[in-house]
Amino acid sequence: MNTQHPSRSGRLLGFGLAVACLVIALALLIGSPGSSAASKAAASVSTSKVGAASAQAVAASSAGATSASVVKVAAKPASPDATRPPQYVTQIPDRASIFPTSTVRIWMNSDTVFGETAGVEYQVGNTYTKVLGSYDTSHPGANWRADIPALPGGTAVSYHLFVRNAQNQDGNFTAFLWNYTVNTTGDNVHSYAVLHDSFDSTYRSPFGAVYSNTQVMLAIRAEAGNVQTATLRVYQQVHPNGATDYVMTKTTSGGYDYWHVTITTPHVPDLLYYRFKLQHVRAETSVDTGWYNDNYLDDNDNLNKGGTGQYFEGGEPGSAAYQLTVYDPAFTTPDWVKNGVIYQIFPDRFRDGNTANDQLAIGQVFYGGNCANGGAVSTLHTTW
């Protein structure tokens, strides 16, 4: 009789399958309790974190608050990180109520996680000061608050928000998007009453960009009897000719003086920038001077350009004047572009079209290469 025997490889394969089945059976027998214990342990850790966060929130709340919401532990980085953009909302304080004795409270809604603290950094001149916030949900739409201490009248304050993690590292800074000026009182310009709004026809008419050789009325408000002289100062950017001052006249209504003047725009297109100079004559014949300016961050800050501005005590501010665009009345939009969609495509953005201008000065970097002895170490991509 001819008997067949399994090969060595076949016996090994069968043995391997048997071992695998045994492992799976053992896992089914003992896996569930282990998994349950692991789940319970994970739940215990999560619960303890939430509980600790809640205790922190309650401890950080103001004494007058009746309750504080639970801080939710989310699946987010535990430290400030560029991959998690900060989500901030700040409650801008009532500027009219900020005086030299006022502590300014900033309410924030900050997307913090467990172990993080929201804070405010404020700037006065060249000095920067950080204030850590306290968790507080007593104000609608906010979950943190921070107090900027009282400052002298006329002090211009800018501030932004940040997050400090459990390792005392600061990150997620916003730009200095918010500001206020401490109001002046007594024998000074009463800044809380001063107002110009370039979006309001009471203070600027006509609205927006205007034709060349057009009359524009500009006005500023002050407390009745508080300001003795008001001056409009205008600069031209395209055709600069220094500062031009216009003396303003006033009318009084409802407890305010409205200082106004009408100017004629240049006969050619230009960009005009303007601000207001206000003076209060004190009893001892000295003069208190202040300026009212726009309050945007820089020329790229289109969000805050125009509208109401900011009062500055003392010397003339160096930037952030109101803009008035003057354009050619004969300009017309070409018919071919009307109601069209324009796509800007740059196929040659990284193509080296002229190798003769690749030489760089010592210390500069080109495509990540180092520059030594006036020559750039670079990779030129001629087919991009």
# chains A, B, ... in the order shown; residues from 1 in each chain; ligands from 1

call {"tool": "select_by_dssp", "arguments": {"residues": "segment 182-295 of chain A", "states": "strand (DSSP E or B)", "output": "ChimeraX atom specification"}}
result
/A:195,197,204-205,210-211,215-223,229-236,244-247,249-253,256-264,270-281,287-293

call {"tool": "write_last_selection", "arguments": {"atoms": "C-alpha atoms", "output": "tab-separated table (two decimals), in the first residue's frame"}}
result
chain	number	residue	atom	x	y	z
A	195	LEU	CA	-15.32	112.16	18.31
A	197	ASP	CA	-16.43	109.16	12.51
A	204	ARG	CA	-17.41	113.67	6.80
A	205	SER	CA	-19.35	114.48	3.68
A	210	VAL	CA	-14.16	111.60	-4.00
A	211	TYR	CA	-13.36	113.26	-7.32
A	215	GLN	CA	-15.33	120.08	-1.68
A	216	VAL	CA	-15.30	117.83	1.40
A	217	MET	CA	-16.68	118.82	4.81
A	218	LEU	CA	-14.80	117.42	7.82
A	219	ALA	CA	-15.90	117.86	11.45
A	220	ILE	CA	-14.97	116.80	14.97
A	221	ARG	CA	-16.98	116.89	18.19
A	222	ALA	CA	-15.85	118.17	21.59
A	223	GLU	CA	-17.47	118.99	24.92
A	229	THR	CA	-9.11	125.99	18.99
A	230	ALA	CA	-9.41	123.10	16.54
A	231	THR	CA	-7.25	122.58	13.48
A	232	LEU	CA	-7.45	120.11	10.60
A	233	ARG	CA	-4.02	118.96	9.38
A	234	VAL	CA	-3.80	117.40	5.91
A	235	TYR	CA	-0.96	115.62	4.10
A	236	GLN	CA	-0.70	114.62	0.43
A	244	THR	CA	-1.46	121.99	5.40
A	245	ASP	CA	-3.44	123.33	8.39
A	246	TYR	CA	-7.05	124.48	8.19
A	247	VAL	CA	-8.60	126.51	11.02
A	249	THR	CA	-15.08	126.93	13.19
A	250	LYS	CA	-17.69	125.63	15.61
A	251	THR	CA	-21.39	125.30	16.14
A	252	THR	CA	-22.95	124.12	19.42
A	253	SER	CA	-25.72	121.57	19.81
A	256	TYR	CA	-21.28	119.55	22.30
A	257	ASP	CA	-19.24	121.82	20.07
A	258	TYR	CA	-18.96	120.65	16.47
A	259	TRP	CA	-15.82	122.01	14.83
A	260	HIS	CA	-15.95	121.86	11.05
A	261	VAL	CA	-14.16	123.02	7.91
A	262	THR	CA	-14.63	122.46	4.18
A	263	ILE	CA	-11.59	121.75	2.04
A	264	THR	CA	-11.15	121.38	-1.73
A	270	ASP	CA	-3.94	111.82	-4.78
A	271	LEU	CA	-4.13	110.20	-1.37
A	272	LEU	CA	-4.86	112.64	1.44
A	273	TYR	CA	-4.23	111.86	5.10
A	274	TYR	CA	-5.72	113.97	7.87
A	275	ARG	CA	-5.98	114.28	11.64
A	276	PHE	CA	-7.31	116.87	14.10
A	277	LYS	CA	-5.43	119.06	16.57
A	278	LEU	CA	-7.38	120.24	19.63
A	279	GLN	CA	-6.27	122.79	22.21
A	280	HIS	CA	-7.63	123.72	25.61
A	281	VAL	CA	-6.42	126.97	27.17
A	287	VAL	CA	-2.26	125.14	26.67
A	288	ASP	CA	-3.19	121.46	26.71
A	289	THR	CA	-2.87	119.92	23.23
A	290	GLY	CA	-4.19	116.65	21.89
A	291	TRP	CA	-4.73	114.93	18.55
A	292	TYR	CA	-7.53	112.80	17.17
A	293	ASN	CA	-6.35	110.13	14.78

call {"tool": "residues_around", "arguments": {"residues": "segment 295-302 of chain A", "least_positions_apart": "3", "cutoff": "9 Å", "atoms": "only C-alpha atoms", "output": "ChimeraX atom specification"}}
result
/A:175-179,305-306,308-310,319-322

call {"tool": "atom_distance", "arguments": {"atom1": "atom CA of Thr117 of chain A", "atom2": "atom CA of His139 of chain A"}}
result
17.4 Å

call {"tool": "residues_around", "arguments": {"residues": "Phe162 of chain A", "least_positions_apart": "2", "cutoff": "9 Å", "atoms": "only C-alpha atoms", "output": "VMD selection string"}}
result
chain A and resid 80 86 110 117 to 121 160 164 170 to 174

call {"tool": "write_last_selection", "arguments": {"atoms": "N, CA and C atoms", "output": "PDB file, in the first residue's frame"}}
result
ATOM      1  N   PRO A  80       0.206  75.954  23.619  1.00  0.00           N
ATOM      2  CA  PRO A  80      -0.021  76.814  22.463  1.00  0.00           C
ATOM      3  C   PRO A  80       0.761  76.278  21.270  1.00  0.00           C
ATOM      4  N   PRO A  86      -5.676  80.179  17.427  1.00  0.00           N
ATOM      5  CA  PRO A  86      -6.459  80.637  18.570  1.00  0.00           C
ATOM      6  C   PRO A  86      -7.781  81.236  18.125  1.00  0.00           C
ATOM      7  N   SER A 110     -11.777  82.790  25.000  1.00  0.00           N
ATOM      8  CA  SER A 110     -10.560  82.190  24.469  1.00  0.00           C
ATOM      9  C   SER A 110     -10.679  80.669  24.406  1.00  0.00           C
ATOM     10  N   THR A 117      -3.940  79.171  30.364  1.00  0.00           N
ATOM     11  CA  THR A 117      -4.507  80.394  30.926  1.00  0.00           C
ATOM     12  C   THR A 117      -4.471  81.484  29.871  1.00  0.00           C
ATOM     13  N   ALA A 118      -5.595  82.145  29.650  1.00  0.00           N
ATOM     14  CA  ALA A 118      -5.645  83.268  28.717  1.00  0.00           C
ATOM     15  C   ALA A 118      -5.119  84.517  29.412  1.00  0.00           C
ATOM     16  N   GLY A 119      -4.516  85.394  28.652  1.00  0.00           N
ATOM     17  CA  GLY A 119      -3.968  86.619  29.223  1.00  0.00           C
ATOM     18  C   GLY A 119      -3.991  87.766  28.234  1.00  0.00           C
ATOM     19  N   VAL A 120      -3.646  88.928  28.740  1.00  0.00           N
ATOM     20  CA  VAL A 120      -3.589  90.160  27.951  1.00  0.00           C
ATOM     21  C   VAL A 120      -2.179  90.747  28.076  1.00  0.00           C
ATOM     22  N   GLU A 121      -1.613  91.163  26.982  1.00  0.00           N
ATOM     23  CA  GLU A 121      -0.374  91.939  27.004  1.00  0.00           C
ATOM     24  C   GLU A 121      -0.689  93.327  26.473  1.00  0.00           C
ATOM     25  N   HIS A 160      -3.133  93.038  23.123  1.00  0.00           N
ATOM     26  CA  HIS A 160      -3.508  91.833  22.407  1.00  0.00           C
ATOM     27  C   HIS A 160      -3.610  90.685  23.403  1.00  0.00           C
ATOM     28  N   ARG A 164      -1.023  81.102  27.919  1.00  0.00           N
ATOM     29  CA  ARG A 164       0.127  80.528  28.630  1.00  0.00           C
ATOM     30  C   ARG A 164      -0.210  79.086  28.994  1.00  0.00           C
ATOM     31  N   ASP A 170       4.386  80.994  26.564  1.00  0.00           N
ATOM     32  CA  ASP A 170       3.354  81.855  25.989  1.00  0.00           C
ATOM     33  C   ASP A 170       3.305  81.669  24.479  1.00  0.00           C
ATOM     34  N   GLY A 171       2.109  81.652  23.941  1.00  0.00           N
ATOM     35  CA  GLY A 171       1.940  81.491  22.504  1.00  0.00           C
ATOM     36  C   GLY A 171       0.563  81.942  22.074  1.00  0.00           C
ATOM     37  N   ASN A 172       0.250  81.689  20.786  1.00  0.00           N
ATOM     38  CA  ASN A 172      -1.044  82.066  20.208  1.00  0.00           C
ATOM     39  C   ASN A 172      -1.341  83.555  20.399  1.00  0.00           C
ATOM     40  N   PHE A 173      -0.346  84.390  20.158  1.00  0.00           N
ATOM     41  CA  PHE A 173      -0.540  85.833  20.275  1.00  0.00           C
ATOM     42  C   PHE A 173      -1.404  86.336  19.117  1.00  0.00           C
ATOM     43  N   THR A 174      -2.317  87.199  19.443  1.00  0.00           N
ATOM     44  CA  THR A 174      -3.022  87.924  18.388  1.00  0.00           C
ATOM     45  C   THR A 174      -2.217  89.184  18.082  1.00  0.00           C
TER      46      THR A 174
END

call {"tool": "atom_distance", "arguments": {"atom1": "atom CA of Trp144 of chain A", "atom2": "atom CA of Val131 of chain A"}}
result
11.8 Å

call {"tool": "atom_distance", "arguments": {"atom1": "atom CA of Val113 of chain A", "atom2": "atom CA of Ala146 of chain A"}}
result
17.6 Å

call {"tool": "closest_residue", "arguments": {"among": "A:Gln167, A:Tyr159, A:Asp200, A:Thr181", "to": "Thr127 of chain A", "atoms": "only C-alpha atoms"}}
result
A:Tyr159

call {"tool": "select_by_dssp", "arguments": {"residues": "segment 105-336 of chain A", "states": "helix (DSSP H, G or I)", "output": "list in words"}}
result
Ser191, Tyr192, Ala193, Asp335 and Trp336 of chain A

call {"tool": "write_last_selection", "arguments": {"atoms": "N, CA and C atoms", "output": "compact mmCIF listing (two decimals), in the first residue's frame"}}
result
# COMPACT_ATOMS: atom_id res chain seq x y z
N SER A 191 -11.20 114.27 26.67
CA SER A 191 -11.11 113.37 25.52
C SER A 191 -12.31 112.45 25.38
N TYR A 192 -13.02 112.16 26.47
CA TYR A 192 -14.16 111.26 26.39
C TYR A 192 -15.27 111.81 25.51
N ALA A 193 -15.28 113.12 25.28
CA ALA A 193 -16.32 113.74 24.46
C ALA A 193 -15.88 113.94 23.01
N ASP A 335 -15.18 98.58 -20.68
CA ASP A 335 -16.38 97.74 -20.84
C ASP A 335 -16.06 96.25 -20.76
N TRP A 336 -14.86 95.86 -21.23
CA TRP A 336 -14.54 94.43 -21.30
C TRP A 336 -14.35 93.80 -19.91

call {"tool": "closest_residue", "arguments": {"among": "A:Asp187, A:Ser138, A:Ala224, A:Tyr128", "to": "Gly254 of chain A", "atoms": "only C-alpha atoms"}}
result
A:Ala224
